[in-house]
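Structure file coords-v1.pdb (PDB, N, CA and C atoms, pLDDT in the B column) is printed below.
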```pdb
ATOM      1  N   MET K   1     -84.582 -38.831 -76.257  1.00 63.00           N
ATOM      2  CA  MET K   1     -83.257 -38.819 -76.866  1.00 63.00           C
ATOM      3  C   MET K   1     -82.571 -40.163 -76.620  1.00 63.00           C
ATOM      4  N   GLU K   2     -81.848 -40.622 -77.609  1.00 82.00           N
ATOM      5  CA  GLU K   2     -81.123 -41.883 -77.532  1.00 82.00           C
ATOM      6  C   GLU K   2     -79.964 -41.776 -76.557  1.00 82.00           C
ATOM      7  N   SER K   3     -79.569 -42.926 -76.003  1.00 86.00           N
ATOM      8  CA  SER K   3     -78.382 -42.949 -75.154  1.00 86.00           C
ATOM      9  C   SER K   3     -77.539 -44.162 -75.531  1.00 86.00           C
ATOM     10  N   LYS K   4     -76.275 -44.133 -75.118  1.00 86.00           N
ATOM     11  CA  LYS K   4     -75.362 -45.232 -75.414  1.00 86.00           C
ATOM     12  C   LYS K   4     -74.601 -45.593 -74.150  1.00 86.00           C
ATOM     13  N   LYS K   5     -73.999 -46.760 -74.140  1.00 88.00           N
ATOM     14  CA  LYS K   5     -73.195 -47.209 -73.011  1.00 88.00           C
ATOM     15  C   LYS K   5     -71.879 -46.437 -72.991  1.00 88.00           C
ATOM     16  N   TRP K   6     -71.308 -46.290 -71.814  1.00 83.00           N
ATOM     17  CA  TRP K   6     -70.101 -45.485 -71.671  1.00 83.00           C
ATOM     18  C   TRP K   6     -68.941 -46.022 -72.497  1.00 83.00           C
ATOM     19  N   TRP K   7     -68.846 -47.345 -72.672  1.00 85.00           N
ATOM     20  CA  TRP K   7     -67.704 -47.919 -73.388  1.00 85.00           C
ATOM     21  C   TRP K   7     -67.765 -47.688 -74.901  1.00 85.00           C
ATOM     22  N   SER K   8     -68.864 -47.175 -75.397  1.00 88.00           N
ATOM     23  CA  SER K   8     -68.941 -46.872 -76.829  1.00 88.00           C
ATOM     24  C   SER K   8     -68.701 -45.383 -77.114  1.00 88.00           C
ATOM     25  N   SER K   9     -68.262 -44.657 -76.108  1.00 91.00           N
ATOM     26  CA  SER K   9     -68.011 -43.220 -76.244  1.00 91.00           C
ATOM     27  C   SER K   9     -66.552 -42.955 -76.609  1.00 91.00           C
ATOM     28  N   LYS K  10     -66.328 -42.274 -77.730  1.00 91.00           N
ATOM     29  CA  LYS K  10     -64.963 -41.888 -78.130  1.00 91.00           C
ATOM     30  C   LYS K  10     -64.364 -40.925 -77.122  1.00 91.00           C
ATOM     31  N   THR K  11     -65.206 -40.070 -76.558  1.00 91.00           N
ATOM     32  CA  THR K  11     -64.709 -39.101 -75.584  1.00 91.00           C
ATOM     33  C   THR K  11     -64.150 -39.809 -74.358  1.00 91.00           C
ATOM     34  N   ILE K  12     -64.891 -40.774 -73.838  1.00 92.00           N
ATOM     35  CA  ILE K  12     -64.428 -41.515 -72.661  1.00 92.00           C
ATOM     36  C   ILE K  12     -63.139 -42.264 -72.978  1.00 92.00           C
ATOM     37  N   TRP K  13     -63.103 -42.963 -74.108  1.00 92.00           N
ATOM     38  CA  TRP K  13     -61.898 -43.697 -74.491  1.00 92.00           C
ATOM     39  C   TRP K  13     -60.721 -42.749 -74.705  1.00 92.00           C
ATOM     40  N   GLY K  14     -60.969 -41.605 -75.309  1.00 93.00           N
ATOM     41  CA  GLY K  14     -59.896 -40.630 -75.514  1.00 93.00           C
ATOM     42  C   GLY K  14     -59.310 -40.146 -74.206  1.00 93.00           C
ATOM     43  N   VAL K  15     -60.165 -39.859 -73.236  1.00 93.00           N
ATOM     44  CA  VAL K  15     -59.696 -39.405 -71.925  1.00 93.00           C
ATOM     45  C   VAL K  15     -58.902 -40.517 -71.238  1.00 93.00           C
ATOM     46  N   LEU K  16     -59.382 -41.753 -71.302  1.00 93.00           N
ATOM     47  CA  LEU K  16     -58.669 -42.877 -70.678  1.00 93.00           C
ATOM     48  C   LEU K  16     -57.298 -43.100 -71.323  1.00 93.00           C
ATOM     49  N   ILE K  17     -57.233 -43.009 -72.647  1.00 93.00           N
ATOM     50  CA  ILE K  17     -55.962 -43.194 -73.356  1.00 93.00           C
ATOM     51  C   ILE K  17     -55.003 -42.051 -73.016  1.00 93.00           C
ATOM     52  N   ALA K  18     -55.514 -40.829 -72.977  1.00 92.00           N
ATOM     53  CA  ALA K  18     -54.664 -39.683 -72.629  1.00 92.00           C
ATOM     54  C   ALA K  18     -54.126 -39.831 -71.205  1.00 92.00           C
ATOM     55  N   PHE K  19     -54.968 -40.299 -70.295  1.00 91.00           N
ATOM     56  CA  PHE K  19     -54.535 -40.495 -68.909  1.00 91.00           C
ATOM     57  C   PHE K  19     -53.457 -41.580 -68.828  1.00 91.00           C
ATOM     58  N   LEU K  20     -53.628 -42.653 -69.575  1.00 90.00           N
ATOM     59  CA  LEU K  20     -52.624 -43.714 -69.613  1.00 90.00           C
ATOM     60  C   LEU K  20     -51.297 -43.163 -70.130  1.00 90.00           C
ATOM     61  N   GLY K  21     -51.353 -42.348 -71.167  1.00 87.00           N
ATOM     62  CA  GLY K  21     -50.134 -41.724 -71.690  1.00 87.00           C
ATOM     63  C   GLY K  21     -49.466 -40.829 -70.664  1.00 87.00           C
ATOM     64  N   PHE K  22     -50.275 -40.091 -69.906  1.00 86.00           N
ATOM     65  CA  PHE K  22     -49.737 -39.223 -68.853  1.00 86.00           C
ATOM     66  C   PHE K  22     -49.030 -40.053 -67.786  1.00 86.00           C
ATOM     67  N   ILE K  23     -49.666 -41.152 -67.371  1.00 86.00           N
ATOM     68  CA  ILE K  23     -49.076 -42.018 -66.349  1.00 86.00           C
ATOM     69  C   ILE K  23     -47.758 -42.614 -66.856  1.00 86.00           C
ATOM     70  N   LEU K  24     -47.755 -43.110 -68.092  1.00 79.00           N
ATOM     71  CA  LEU K  24     -46.524 -43.672 -68.658  1.00 79.00           C
ATOM     72  C   LEU K  24     -45.407 -42.639 -68.702  1.00 79.00           C
ATOM     73  N   THR K  25     -45.738 -41.434 -69.125  1.00 75.00           N
ATOM     74  CA  THR K  25     -44.731 -40.379 -69.221  1.00 75.00           C
ATOM     75  C   THR K  25     -44.155 -40.054 -67.849  1.00 75.00           C
ATOM     76  N   GLU K  26     -45.024 -39.965 -66.845  1.00 76.00           N
ATOM     77  CA  GLU K  26     -44.566 -39.629 -65.490  1.00 76.00           C
ATOM     78  C   GLU K  26     -43.738 -40.759 -64.876  1.00 76.00           C
ATOM     79  N   LYS K  27     -44.141 -41.993 -65.063  1.00 74.00           N
ATOM     80  CA  LYS K  27     -43.447 -43.131 -64.437  1.00 74.00           C
ATOM     81  C   LYS K  27     -42.130 -43.462 -65.128  1.00 74.00           C
ATOM     82  N   LEU K  28     -42.029 -43.221 -66.419  1.00 67.00           N
ATOM     83  CA  LEU K  28     -40.836 -43.593 -67.155  1.00 67.00           C
ATOM     84  C   LEU K  28     -39.860 -42.444 -67.343  1.00 67.00           C
ATOM     85  N   GLN K  29     -40.207 -41.292 -66.826  1.00 63.00           N
ATOM     86  CA  GLN K  29     -39.371 -40.117 -67.032  1.00 63.00           C
ATOM     87  C   GLN K  29     -38.074 -40.236 -66.238  1.00 63.00           C
ATOM     88  N   VAL K  30     -37.001 -39.778 -66.837  1.00 54.00           N
ATOM     89  CA  VAL K  30     -35.707 -39.785 -66.166  1.00 54.00           C
ATOM     90  C   VAL K  30     -35.707 -38.672 -65.126  1.00 54.00           C
ATOM     91  N   PRO K  31     -35.234 -38.961 -63.922  1.00 55.00           N
ATOM     92  CA  PRO K  31     -35.225 -37.929 -62.884  1.00 55.00           C
ATOM     93  C   PRO K  31     -34.406 -36.709 -63.283  1.00 55.00           C
ATOM     94  N   ASP K  32     -34.718 -35.586 -62.676  1.00 57.00           N
ATOM     95  CA  ASP K  32     -34.005 -34.346 -62.941  1.00 57.00           C
ATOM     96  C   ASP K  32     -32.524 -34.521 -62.605  1.00 57.00           C
ATOM     97  N   ILE K  33     -31.674 -34.045 -63.479  1.00 58.00           N
ATOM     98  CA  ILE K  33     -30.236 -34.221 -63.310  1.00 58.00           C
ATOM     99  C   ILE K  33     -29.645 -32.874 -62.904  1.00 58.00           C
ATOM    100  N   GLN K  34     -28.981 -32.848 -61.764  1.00 64.00           N
ATOM    101  CA  GLN K  34     -28.394 -31.610 -61.259  1.00 64.00           C
ATOM    102  C   GLN K  34     -26.874 -31.665 -61.371  1.00 64.00           C
ATOM    103  N   LEU K  35     -26.308 -30.612 -61.905  1.00 63.00           N
ATOM    104  CA  LEU K  35     -24.855 -30.510 -62.023  1.00 63.00           C
ATOM    105  C   LEU K  35     -24.331 -29.793 -60.782  1.00 63.00           C
ATOM    106  N   PRO K  36     -23.423 -30.429 -60.032  1.00 66.00           N
ATOM    107  CA  PRO K  36     -22.890 -29.777 -58.827  1.00 66.00           C
ATOM    108  C   PRO K  36     -21.987 -28.600 -59.183  1.00 66.00           C
ATOM    109  N   GLU K  37     -21.895 -27.651 -58.255  1.00 73.00           N
ATOM    110  CA  GLU K  37     -20.986 -26.522 -58.465  1.00 73.00           C
ATOM    111  C   GLU K  37     -19.554 -27.026 -58.459  1.00 73.00           C
ATOM    112  N   ASN K  38     -18.708 -26.381 -59.226  1.00 75.00           N
ATOM    113  CA  ASN K  38     -17.292 -26.733 -59.312  1.00 75.00           C
ATOM    114  C   ASN K  38     -17.103 -28.218 -59.613  1.00 75.00           C
ATOM    115  N   ALA K  39     -17.855 -28.725 -60.584  1.00 73.00           N
ATOM    116  CA  ALA K  39     -17.790 -30.137 -60.933  1.00 73.00           C
ATOM    117  C   ALA K  39     -16.445 -30.480 -61.568  1.00 73.00           C
ATOM    118  N   ASP K  40     -15.935 -31.651 -61.224  1.00 79.00           N
ATOM    119  CA  ASP K  40     -14.700 -32.109 -61.855  1.00 79.00           C
ATOM    120  C   ASP K  40     -15.041 -32.849 -63.158  1.00 79.00           C
ATOM    121  N   PHE K  41     -14.006 -33.337 -63.844  1.00 80.00           N
ATOM    122  CA  PHE K  41     -14.206 -33.967 -65.148  1.00 80.00           C
ATOM    123  C   PHE K  41     -15.133 -35.177 -65.066  1.00 80.00           C
ATOM    124  N   GLU K  42     -14.963 -36.023 -64.070  1.00 82.00           N
ATOM    125  CA  GLU K  42     -15.785 -37.228 -63.937  1.00 82.00           C
ATOM    126  C   GLU K  42     -17.260 -36.875 -63.717  1.00 82.00           C
ATOM    127  N   GLN K  43     -17.515 -35.858 -62.922  1.00 77.00           N
ATOM    128  CA  GLN K  43     -18.895 -35.429 -62.691  1.00 77.00           C
ATOM    129  C   GLN K  43     -19.513 -34.869 -63.972  1.00 77.00           C
ATOM    130  N   LEU K  44     -18.730 -34.104 -64.730  1.00 77.00           N
ATOM    131  CA  LEU K  44     -19.213 -33.569 -66.000  1.00 77.00           C
ATOM    132  C   LEU K  44     -19.503 -34.695 -67.002  1.00 77.00           C
ATOM    133  N   LYS K  45     -18.625 -35.715 -67.026  1.00 81.00           N
ATOM    134  CA  LYS K  45     -18.833 -36.846 -67.919  1.00 81.00           C
ATOM    135  C   LYS K  45     -20.099 -37.613 -67.525  1.00 81.00           C
ATOM    136  N   ALA K  46     -20.312 -37.836 -66.238  1.00 79.00           N
ATOM    137  CA  ALA K  46     -21.517 -38.523 -65.766  1.00 79.00           C
ATOM    138  C   ALA K  46     -22.762 -37.710 -66.108  1.00 79.00           C
ATOM    139  N   TYR K  47     -22.658 -36.397 -65.992  1.00 74.00           N
ATOM    140  CA  TYR K  47     -23.776 -35.511 -66.329  1.00 74.00           C
ATOM    141  C   TYR K  47     -24.107 -35.610 -67.818  1.00 74.00           C
ATOM    142  N   ALA K  48     -23.082 -35.592 -68.670  1.00 75.00           N
ATOM    143  CA  ALA K  48     -23.293 -35.695 -70.118  1.00 75.00           C
ATOM    144  C   ALA K  48     -23.907 -37.053 -70.478  1.00 75.00           C
ATOM    145  N   ASP K  49     -23.451 -38.120 -69.838  1.00 78.00           N
ATOM    146  CA  ASP K  49     -24.019 -39.454 -70.097  1.00 78.00           C
ATOM    147  C   ASP K  49     -25.484 -39.518 -69.679  1.00 78.00           C
ATOM    148  N   ALA K  50     -25.818 -38.901 -68.557  1.00 73.00           N
ATOM    149  CA  ALA K  50     -27.207 -38.900 -68.084  1.00 73.00           C
ATOM    150  C   ALA K  50     -28.110 -38.138 -69.055  1.00 73.00           C
ATOM    151  N   ILE K  51     -27.598 -37.055 -69.623  1.00 68.00           N
ATOM    152  CA  ILE K  51     -28.380 -36.289 -70.601  1.00 68.00           C
ATOM    153  C   ILE K  51     -28.609 -37.129 -71.857  1.00 68.00           C
ATOM    154  N   LYS K  52     -27.575 -37.826 -72.313  1.00 71.00           N
ATOM    155  CA  LYS K  52     -27.715 -38.694 -73.488  1.00 71.00           C
ATOM    156  C   LYS K  52     -28.782 -39.762 -73.258  1.00 71.00           C
ATOM    157  N   GLU K  53     -28.800 -40.363 -72.068  1.00 70.00           N
ATOM    158  CA  GLU K  53     -29.776 -41.404 -71.755  1.00 70.00           C
ATOM    159  C   GLU K  53     -31.194 -40.841 -71.681  1.00 70.00           C
ATOM    160  N   ALA K  54     -31.333 -39.624 -71.194  1.00 64.00           N
ATOM    161  CA  ALA K  54     -32.661 -39.028 -71.014  1.00 64.00           C
ATOM    162  C   ALA K  54     -33.309 -38.677 -72.348  1.00 64.00           C
ATOM    163  N   GLU K  55     -32.530 -38.249 -73.314  1.00 62.00           N
ATOM    164  CA  GLU K  55     -33.092 -37.843 -74.597  1.00 62.00           C
ATOM    165  C   GLU K  55     -33.467 -39.069 -75.425  1.00 62.00           C
ATOM    166  N   GLY K  56     -34.651 -39.037 -75.985  1.00 58.00           N
ATOM    167  CA  GLY K  56     -35.087 -40.118 -76.841  1.00 58.00           C
ATOM    168  C   GLY K  56     -35.545 -41.355 -76.087  1.00 58.00           C
ATOM    169  N   ASN K  57     -35.852 -41.222 -74.823  1.00 67.00           N
ATOM    170  CA  ASN K  57     -36.348 -42.345 -74.044  1.00 67.00           C
ATOM    171  C   ASN K  57     -37.655 -42.817 -74.673  1.00 67.00           C
ATOM    172  N   LEU K  58     -37.678 -44.037 -75.203  1.00 71.00           N
ATOM    173  CA  LEU K  58     -38.835 -44.526 -75.951  1.00 71.00           C
ATOM    174  C   LEU K  58     -40.091 -44.596 -75.097  1.00 71.00           C
ATOM    175  N   GLY K  59     -39.948 -44.910 -73.834  1.00 72.00           N
ATOM    176  CA  GLY K  59     -41.118 -44.961 -72.959  1.00 72.00           C
ATOM    177  C   GLY K  59     -41.785 -43.601 -72.818  1.00 72.00           C
ATOM    178  N   VAL K  60     -40.980 -42.572 -72.669  1.00 73.00           N
ATOM    179  CA  VAL K  60     -41.520 -41.214 -72.543  1.00 73.00           C
ATOM    180  C   VAL K  60     -42.157 -40.777 -73.855  1.00 73.00           C
ATOM    181  N   ILE K  61     -41.496 -41.084 -74.964  1.00 75.00           N
ATOM    182  CA  ILE K  61     -42.048 -40.727 -76.272  1.00 75.00           C
ATOM    183  C   ILE K  61     -43.379 -41.439 -76.495  1.00 75.00           C
ATOM    184  N   ALA K  62     -43.437 -42.729 -76.158  1.00 80.00           N
ATOM    185  CA  ALA K  62     -44.690 -43.492 -76.314  1.00 80.00           C
ATOM    186  C   ALA K  62     -45.787 -42.899 -75.441  1.00 80.00           C
ATOM    187  N   GLY K  63     -45.460 -42.518 -74.222  1.00 81.00           N
ATOM    188  CA  GLY K  63     -46.448 -41.909 -73.336  1.00 81.00           C
ATOM    189  C   GLY K  63     -46.969 -40.593 -73.883  1.00 81.00           C
ATOM    190  N   GLN K  64     -46.086 -39.790 -74.443  1.00 82.00           N
ATOM    191  CA  GLN K  64     -46.512 -38.510 -75.004  1.00 82.00           C
ATOM    192  C   GLN K  64     -47.383 -38.709 -76.237  1.00 82.00           C
ATOM    193  N   LEU K  65     -47.040 -39.695 -77.069  1.00 87.00           N
ATOM    194  CA  LEU K  65     -47.867 -39.983 -78.246  1.00 87.00           C
ATOM    195  C   LEU K  65     -49.247 -40.486 -77.830  1.00 87.00           C
ATOM    196  N   LEU K  66     -49.302 -41.353 -76.808  1.00 90.00           N
ATOM    197  CA  LEU K  66     -50.591 -41.829 -76.310  1.00 90.00           C
ATOM    198  C   LEU K  66     -51.429 -40.668 -75.789  1.00 90.00           C
ATOM    199  N   SER K  67     -50.806 -39.770 -75.052  1.00 90.00           N
ATOM    200  CA  SER K  67     -51.531 -38.610 -74.536  1.00 90.00           C
ATOM    201  C   SER K  67     -52.084 -37.752 -75.667  1.00 90.00           C
ATOM    202  N   ALA K  68     -51.263 -37.510 -76.673  1.00 91.00           N
ATOM    203  CA  ALA K  68     -51.716 -36.695 -77.799  1.00 91.00           C
ATOM    204  C   ALA K  68     -52.856 -37.380 -78.550  1.00 91.00           C
ATOM    205  N   PHE K  69     -52.717 -38.687 -78.808  1.00 92.00           N
ATOM    206  CA  PHE K  69     -53.764 -39.433 -79.503  1.00 92.00           C
ATOM    207  C   PHE K  69     -55.063 -39.440 -78.694  1.00 92.00           C
ATOM    208  N   GLY K  70     -54.949 -39.705 -77.401  1.00 91.00           N
ATOM    209  CA  GLY K  70     -56.134 -39.734 -76.545  1.00 91.00           C
ATOM    210  C   GLY K  70     -56.839 -38.393 -76.483  1.00 91.00           C
ATOM    211  N   THR K  71     -56.070 -37.332 -76.392  1.00 91.00           N
ATOM    212  CA  THR K  71     -56.659 -35.990 -76.357  1.00 91.00           C
ATOM    213  C   THR K  71     -57.387 -35.689 -77.662  1.00 91.00           C
ATOM    214  N   LEU K  72     -56.756 -36.017 -78.781  1.00 92.00           N
ATOM    215  CA  LEU K  72     -57.382 -35.794 -80.085  1.00 92.00           C
ATOM    216  C   LEU K  72     -58.664 -36.620 -80.225  1.00 92.00           C
ATOM    217  N   LEU K  73     -58.623 -37.878 -79.798  1.00 91.00           N
ATOM    218  CA  LEU K  73     -59.801 -38.736 -79.862  1.00 91.00           C
ATOM    219  C   LEU K  73     -60.934 -38.177 -78.995  1.00 91.00           C
ATOM    220  N   ALA K  74     -60.599 -37.689 -77.810  1.00 91.00           N
ATOM    221  CA  ALA K  74     -61.621 -37.122 -76.932  1.00 91.00           C
ATOM    222  C   ALA K  74     -62.265 -35.884 -77.555  1.00 91.00           C
ATOM    223  N   ILE K  75     -61.457 -35.040 -78.168  1.00 91.00           N
ATOM    224  CA  ILE K  75     -62.003 -33.836 -78.812  1.00 91.00           C
ATOM    225  C   ILE K  75     -62.904 -34.209 -79.983  1.00 91.00           C
ATOM    226  N   ILE K  76     -62.437 -35.126 -80.821  1.00 91.00           N
ATOM    227  CA  ILE K  76     -63.250 -35.565 -81.965  1.00 91.00           C
ATOM    228  C   ILE K  76     -64.542 -36.206 -81.476  1.00 91.00           C
ATOM    229  N   GLY K  77     -64.437 -37.051 -80.459  1.00 90.00           N
ATOM    230  CA  GLY K  77     -65.630 -37.698 -79.907  1.00 90.00           C
ATOM    231  C   GLY K  77     -66.636 -36.707 -79.372  1.00 90.00           C
ATOM    232  N   ARG K  78     -66.143 -35.678 -78.701  1.00 88.00           N
ATOM    233  CA  ARG K  78     -67.048 -34.672 -78.138  1.00 88.00           C
ATOM    234  C   ARG K  78     -67.721 -33.864 -79.241  1.00 88.00           C
ATOM    235  N   VAL K  79     -66.983 -33.508 -80.278  1.00 91.00           N
ATOM    236  CA  VAL K  79     -67.534 -32.711 -81.376  1.00 91.00           C
ATOM    237  C   VAL K  79     -68.567 -33.508 -82.168  1.00 91.00           C
ATOM    238  N   LYS K  80     -68.302 -34.797 -82.396  1.00 90.00           N
ATOM    239  CA  LYS K  80     -69.185 -35.610 -83.209  1.00 90.00           C
ATOM    240  C   LYS K  80     -70.321 -36.258 -82.413  1.00 90.00           C
ATOM    241  N   ALA K  81     -70.324 -36.129 -81.097  1.00 88.00           N
ATOM    242  CA  ALA K  81     -71.310 -36.821 -80.259  1.00 88.00           C
ATOM    243  C   ALA K  81     -72.723 -36.404 -80.619  1.00 88.00           C
ATOM    244  N   GLU K  82     -73.586 -37.412 -80.782  1.00 87.00           N
ATOM    245  CA  GLU K  82     -74.990 -37.153 -81.089  1.00 87.00           C
ATOM    246  C   GLU K  82     -75.927 -37.718 -80.032  1.00 87.00           C
ATOM    247  N   THR K  83     -75.385 -38.591 -79.169  1.00 87.00           N
ATOM    248  CA  THR K  83     -76.216 -39.210 -78.134  1.00 87.00           C
ATOM    249  C   THR K  83     -75.568 -39.044 -76.767  1.00 87.00           C
ATOM    250  N   LYS K  84     -76.389 -39.132 -75.729  1.00 86.00           N
ATOM    251  CA  LYS K  84     -75.894 -39.046 -74.366  1.00 86.00           C
ATOM    252  C   LYS K  84     -75.394 -40.403 -73.911  1.00 86.00           C
ATOM    253  N   ILE K  85     -74.545 -40.362 -72.901  1.00 83.00           N
ATOM    254  CA  ILE K  85     -74.044 -41.600 -72.308  1.00 83.00           C
ATOM    255  C   ILE K  85     -74.996 -42.022 -71.205  1.00 83.00           C
ATOM    256  N   ALA K  86     -75.364 -43.311 -71.208  1.00 79.00           N
ATOM    257  CA  ALA K  86     -76.285 -43.817 -70.193  1.00 79.00           C
ATOM    258  C   ALA K  86     -75.526 -44.357 -69.009  1.00 79.00           C
TER     259      ALA K  86
END
```
As structure tokens, the full file:
Amino acid sequence: MESKKWWSSKTIWGVLIAFLGFILTEKLQVPDIQLPENADFEQLKAYADAIKEAEGNLGVIAGQLLSAFGTLLAIIGRVKAETKIA
């Protein structure tokens, strides 16, 4: 049976890309925002501003897209694979 080098495998590249997306998402994610009990107006305003900043964070979106693309590539690579990796 034929074999190929690891760097020519779609499955391997898909897994690496998905992992990179996971790392980006984790590192760029906005920390959990906790609202204190009996918050005053300033605390509520700071909380609302933090929520606005967290939504649509391009780094997190890019990481999630990379993860999705990598996962899809790995699945396609595994389904279409005809040779073993050497």
Subject >> Straight-line distance linking atom N of Ile85 (chain K) with CA of Ser3 (chain K), stated in Å to one decimal >> reply: 5.1 Å
Would you compute an axis-aligned box for region 2-20 of chain K, covering every atom listed for it in the file with 4 Å of margin on each side, and report centre and edge lengths in Å to one decimal as lines of an AutoDock Vina configuration file?
```
center_x = -66.6
center_y = -43.5
center_z = -73.5
size_x = 38.6
size_y = 16.8
size_z = 17.3
```
Original post:
What does the distance from CA of Gly77 (chain K) to CA of Ile12 (chain K) come to in Å, to one decimal?
Top reply: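 Straight-line distance from CA of Gly77 (chain K) to CA of Ile12 (chain K) works out to 8.3 Å.
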**OP:** Could you jot down the CA of Ile23 (chain K) to CA of Lys5 (chain K) separation for me, Å, one decimal place?
**Re:**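 Between these atoms lies a distance of 25.6 Å.
On the file presented, the PyMOL selection byres ((chain K and resi 66) around 6.5) picks out K:Ile17, K:Ala18, K:Leu20, K:Gly21, K:Phe22, K:Ile61, K:Ala62, K:Gly63, K:Gln64, K:Leu65, K:Ser67, K:Ala68, K:Phe69, K:Gly70, K:Thr71.
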Subject >> DSSP-assigned strand (DSSP E or B) among chain K, expressed as a ChimeraX atom specification >> reply: /K:3-4,84-85
**OP:** Extract, using only N, CA and C atoms, all DNA, RNA and protein residues at most 8 Å from Lys84 (chain K), discarding same-chain residues fewer than 3 positions from it, and format them as a ChimeraX atom specification.
**Re:** /K:1-6,81
Original post:
Which is closer to Ala74 (chain K) than all the others in K:Lys27, K:Trp13, K:Trp7, K:Phe19, using only C-alpha atoms?
Top reply: K:Trp13
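Of the listed residues K:Leu58, K:Ile75, K:Ala39, K:Leu44, the one whose atoms come nearest to Val15 (chain K) is K:Ile75, with distances taken using all atoms listed in the file.
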Find the residues around Arg78 (chain K) up to 9 Å (only C-alpha atoms counted), leave out those fewer than 4 positions away in its own chain, and share them as an mmCIF file with N, CA and C atoms, keeping the file's coordinate frame.
```cif
data_model
loop_
_atom_site.group_PDB
_atom_site.id
_atom_site.type_symbol
_atom_site.label_atom_id
_atom_site.label_comp_id
_atom_site.auth_asym_id
_atom_site.auth_seq_id
_atom_site.Cartn_x
_atom_site.Cartn_y
_atom_site.Cartn_z
ATOM 1 N N SER K 9 -68.262 -44.657 -76.108
ATOM 2 C CA SER K 9 -68.011 -43.220 -76.244
ATOM 3 C C SER K 9 -66.552 -42.955 -76.609
ATOM 4 N N LYS K 10 -66.328 -42.274 -77.730
ATOM 5 C CA LYS K 10 -64.963 -41.888 -78.130
ATOM 6 C C LYS K 10 -64.364 -40.925 -77.122
ATOM 7 N N THR K 11 -65.206 -40.070 -76.558
ATOM 8 C CA THR K 11 -64.709 -39.101 -75.584
ATOM 9 C C THR K 11 -64.150 -39.809 -74.358
ATOM 10 N N LEU K 73 -58.623 -37.878 -79.798
ATOM 11 C CA LEU K 73 -59.801 -38.736 -79.862
ATOM 12 C C LEU K 73 -60.934 -38.177 -78.995
ATOM 13 N N ALA K 74 -60.599 -37.689 -77.810
ATOM 14 C CA ALA K 74 -61.621 -37.122 -76.932
ATOM 15 C C ALA K 74 -62.265 -35.884 -77.555
ATOM 16 N N GLU K 82 -73.586 -37.412 -80.782
ATOM 17 C CA GLU K 82 -74.990 -37.153 -81.089
ATOM 18 C C GLU K 82 -75.927 -37.718 -80.032
#
```
**OP:** Between K:Thr83, K:Gln43, K:Thr25, K:Asn38, single out the one closest to Val60 (chain K), counting only C-alpha atoms.
**Re:** K:Thr25
Original post:
Can you list, as an MDAnalysis selection string, every residue of chain K that DSSP puts in alpha helix (DSSP H)?
Top reply: chainID K and resid 10:28 41:54 58:80
